[in-house]
Amino acid sequence: MYSLNVREDFIAQHYVTVPNSGSENEWHSHHFTVEIELEGETLNEDGYLTDIVEVEDALATIIDRYQDTTLNDLPEFDGLNPSIEHFARIFWTKVQAKISSESLDRITVRIWEDESAWASYSE
């Protein structure tokens, strides 16, 4: 199995909407790091799992949507607690729509909230 991983960081804000979460209930910023891992059994005719420039461009476009925004204010988080678990799934959906390769068997999005906490979503 081949794997390709691209990683980038950005700052966004949120506040959790479940009760009794202490300071997490207050509006605050996170320096998020997002990792996209692509996996597949075969390479394309150029010897790539997929075009890394396409992945980097897709990642940059998606990050532009979230950079310096409050997640709670975005329609994709309407009615959801903006946890990193939900964020990873939402981000995955956007990645999956932008990256096309017949070689890909699995896409995983991992979002780090800080140096020690992350959540991921994959299909």
# chains A, B, ... in the order shown; residues from 1 in each chain; ligands from 1
call {"tool": "residues_around", "arguments": {"residues": "Asn72 of chain A", "least_positions_apart": "4", "cutoff": "7 Å", "atoms": "only C-alpha atoms", "output": "number ranges by chain"}}
result
A: 14, 77, 82
call {"tool": "closest_residue", "arguments": {"among": "A:Leu43, A:Glu113, A:Asp73, A:Glu8", "to": "Thr61 of chain A", "atoms": "only C-alpha atoms"}}
result
A:Glu8
call {"tool": "select_by_dssp", "arguments": {"residues": "segment 20-97 of chain A", "states": "strand (DSSP E or B)", "output": "ChimeraX atom specification"}}
result
/A:28-40,70
call {"tool": "write_last_selection", "arguments": {"atoms": "N, CA and C atoms", "output": "PDB file, in the first residue's frame"}}
result
ATOM      1  N   HIS A  28     -12.593  31.019  21.266  1.00  0.00           N
ATOM      2  CA  HIS A  28     -11.132  30.954  21.352  1.00  0.00           C
ATOM      3  C   HIS A  28     -10.550  30.478  20.027  1.00  0.00           C
ATOM      4  N   SER A  29      -9.249  30.683  19.882  1.00  0.00           N
ATOM      5  CA  SER A  29      -8.538  30.301  18.664  1.00  0.00           C
ATOM      6  C   SER A  29      -7.771  29.012  18.870  1.00  0.00           C
ATOM      7  N   HIS A  30      -7.575  28.308  17.761  1.00  0.00           N
ATOM      8  CA  HIS A  30      -6.687  27.153  17.725  1.00  0.00           C
ATOM      9  C   HIS A  30      -5.744  27.307  16.546  1.00  0.00           C
ATOM     10  N   HIS A  31      -4.529  26.883  16.763  1.00  0.00           N
ATOM     11  CA  HIS A  31      -3.562  26.769  15.672  1.00  0.00           C
ATOM     12  C   HIS A  31      -3.676  25.321  15.197  1.00  0.00           C
ATOM     13  N   PHE A  32      -4.586  25.106  14.250  1.00  0.00           N
ATOM     14  CA  PHE A  32      -4.856  23.763  13.741  1.00  0.00           C
ATOM     15  C   PHE A  32      -3.761  23.322  12.778  1.00  0.00           C
ATOM     16  N   THR A  33      -3.499  22.033  12.772  1.00  0.00           N
ATOM     17  CA  THR A  33      -2.683  21.409  11.733  1.00  0.00           C
ATOM     18  C   THR A  33      -3.544  20.335  11.101  1.00  0.00           C
ATOM     19  N   VAL A  34      -3.628  20.376   9.775  1.00  0.00           N
ATOM     20  CA  VAL A  34      -4.420  19.362   9.070  1.00  0.00           C
ATOM     21  C   VAL A  34      -3.474  18.509   8.240  1.00  0.00           C
ATOM     22  N   GLU A  35      -3.691  17.209   8.298  1.00  0.00           N
ATOM     23  CA  GLU A  35      -2.925  16.252   7.500  1.00  0.00           C
ATOM     24  C   GLU A  35      -3.901  15.498   6.611  1.00  0.00           C
ATOM     25  N   ILE A  36      -3.539  15.394   5.355  1.00  0.00           N
ATOM     26  CA  ILE A  36      -4.308  14.578   4.424  1.00  0.00           C
ATOM     27  C   ILE A  36      -3.431  13.402   4.050  1.00  0.00           C
ATOM     28  N   GLU A  37      -3.925  12.203   4.313  1.00  0.00           N
ATOM     29  CA  GLU A  37      -3.212  10.990   3.925  1.00  0.00           C
ATOM     30  C   GLU A  37      -4.023  10.273   2.860  1.00  0.00           C
ATOM     31  N   LEU A  38      -3.366  10.004   1.746  1.00  0.00           N
ATOM     32  CA  LEU A  38      -3.983   9.299   0.630  1.00  0.00           C
ATOM     33  C   LEU A  38      -3.312   7.947   0.517  1.00  0.00           C
ATOM     34  N   GLU A  39      -4.108   6.892   0.306  1.00  0.00           N
ATOM     35  CA  GLU A  39      -3.567   5.545   0.221  1.00  0.00           C
ATOM     36  C   GLU A  39      -4.125   4.826  -0.996  1.00  0.00           C
ATOM     37  N   GLY A  40      -3.279   3.984  -1.579  1.00  0.00           N
ATOM     38  CA  GLY A  40      -3.708   3.189  -2.710  1.00  0.00           C
ATOM     39  C   GLY A  40      -2.727   2.077  -3.012  1.00  0.00           C
ATOM     40  N   THR A  70     -14.655  31.864  12.401  1.00  0.00           N
ATOM     41  CA  THR A  70     -15.255  31.166  13.533  1.00  0.00           C
ATOM     42  C   THR A  70     -16.091  30.035  12.963  1.00  0.00           C
TER      43      THR A  70
END
call {"tool": "residues_around", "arguments": {"residues": "Ser101 of chain A", "least_positions_apart": "3", "cutoff": "8 Å", "atoms": "only C-alpha atoms", "output": "mmCIF file with N, CA and C atoms, in the first residue's frame"}}
result
data_model
loop_
_atom_site.group_PDB
_atom_site.id
_atom_site.type_symbol
_atom_site.label_atom_id
_atom_site.label_comp_id
_atom_site.auth_asym_id
_atom_site.auth_seq_id
_atom_site.Cartn_x
_atom_site.Cartn_y
_atom_site.Cartn_z
ATOM 1 N N LEU A 49 1.025 8.169 -6.772
ATOM 2 C CA LEU A 49 -0.280 7.770 -6.250
ATOM 3 C C LEU A 49 -1.328 8.760 -6.757
ATOM 4 N N THR A 50 -0.998 10.017 -6.675
ATOM 5 C CA THR A 50 -1.791 11.117 -7.243
ATOM 6 C C THR A 50 -0.865 12.317 -7.350
ATOM 7 N N LEU A 104 -6.662 5.889 -5.750
ATOM 8 C CA LEU A 104 -6.889 6.075 -4.317
ATOM 9 C C LEU A 104 -7.905 5.084 -3.767
#
call {"tool": "residues_around", "arguments": {"residues": "Glu85 of chain A", "least_positions_apart": "6", "cutoff": "9 Å", "atoms": "only C-alpha atoms", "output": "list in words"}}
result
Ile111, Trp118, Ala119, Ser120 and Tyr121 of chain A
call {"tool": "write_last_selection", "arguments": {"atoms": "C-alpha atoms", "output": "PDB file, in the first residue's frame"}}
result
ATOM      1  CA  ILE A 111      -6.855  17.583  12.339  1.00  0.00           C
ATOM      2  CA  TRP A 118      -6.200  15.218  17.123  1.00  0.00           C
ATOM      3  CA  ALA A 119      -9.201  13.618  15.484  1.00  0.00           C
ATOM      4  CA  SER A 120      -9.466  11.954  12.091  1.00  0.00           C
ATOM      5  CA  TYR A 121     -12.002  10.805   9.564  1.00  0.00           C
TER       6      TYR A 121
END
call {"tool": "residues_around", "arguments": {"residues": "Thr93 of chain A", "least_positions_apart": "2", "cutoff": "10 Å", "atoms": "only C-alpha atoms", "output": "VMD selection string"}}
result
chain A and resid 87 to 91 95 to 98 107 109 121 to 123
call {"tool": "write_last_selection", "arguments": {"atoms": "C-alpha atoms", "output": "mmCIF file, in the first residue's frame"}}
result
data_model
loop_
_atom_site.group_PDB
_atom_site.id
_atom_site.type_symbol
_atom_site.label_atom_id
_atom_site.label_comp_id
_atom_site.auth_asym_id
_atom_site.auth_seq_id
_atom_site.Cartn_x
_atom_site.Cartn_y
_atom_site.Cartn_z
ATOM 1 C CA PHE A 87 -14.338 19.255 11.602
ATOM 2 C CA ALA A 88 -12.307 16.254 10.361
ATOM 3 C CA ARG A 89 -15.383 14.746 8.639
ATOM 4 C CA ILE A 90 -16.424 18.057 7.081
ATOM 5 C CA PHE A 91 -12.870 18.689 5.884
ATOM 6 C CA VAL A 95 -10.984 17.002 0.148
ATOM 7 C CA GLN A 96 -12.785 14.055 -1.416
ATOM 8 C CA ALA A 97 -14.676 16.402 -3.757
ATOM 9 C CA LYS A 98 -11.456 18.100 -4.944
ATOM 10 C CA ILE A 107 -8.458 9.282 2.159
ATOM 11 C CA VAL A 109 -8.045 13.692 7.207
ATOM 12 C CA TYR A 121 -12.002 10.805 9.564
ATOM 13 C CA SER A 122 -11.403 8.374 6.701
ATOM 14 C CA GLU A 123 -13.188 6.394 4.056
#
call {"tool": "closest_residue", "arguments": {"among": "A:Asp64, A:Val55, A:Leu74, A:Ile99", "to": "Leu4 of chain A", "atoms": "only C-alpha atoms"}}
result
A:Val55
call {"tool": "residues_around", "arguments": {"residues": "Glu26 of chain A", "least_positions_apart": "3", "cutoff": "9 Å", "atoms": "only C-alpha atoms", "output": "number ranges by chain"}}
result
A: 14-16, 21-23
call {"tool": "atom_distance", "arguments": {"atom1": "atom CA of Glu54 of chain A", "atom2": "atom CA of Met1 of chain A"}}
result
20.4 Å
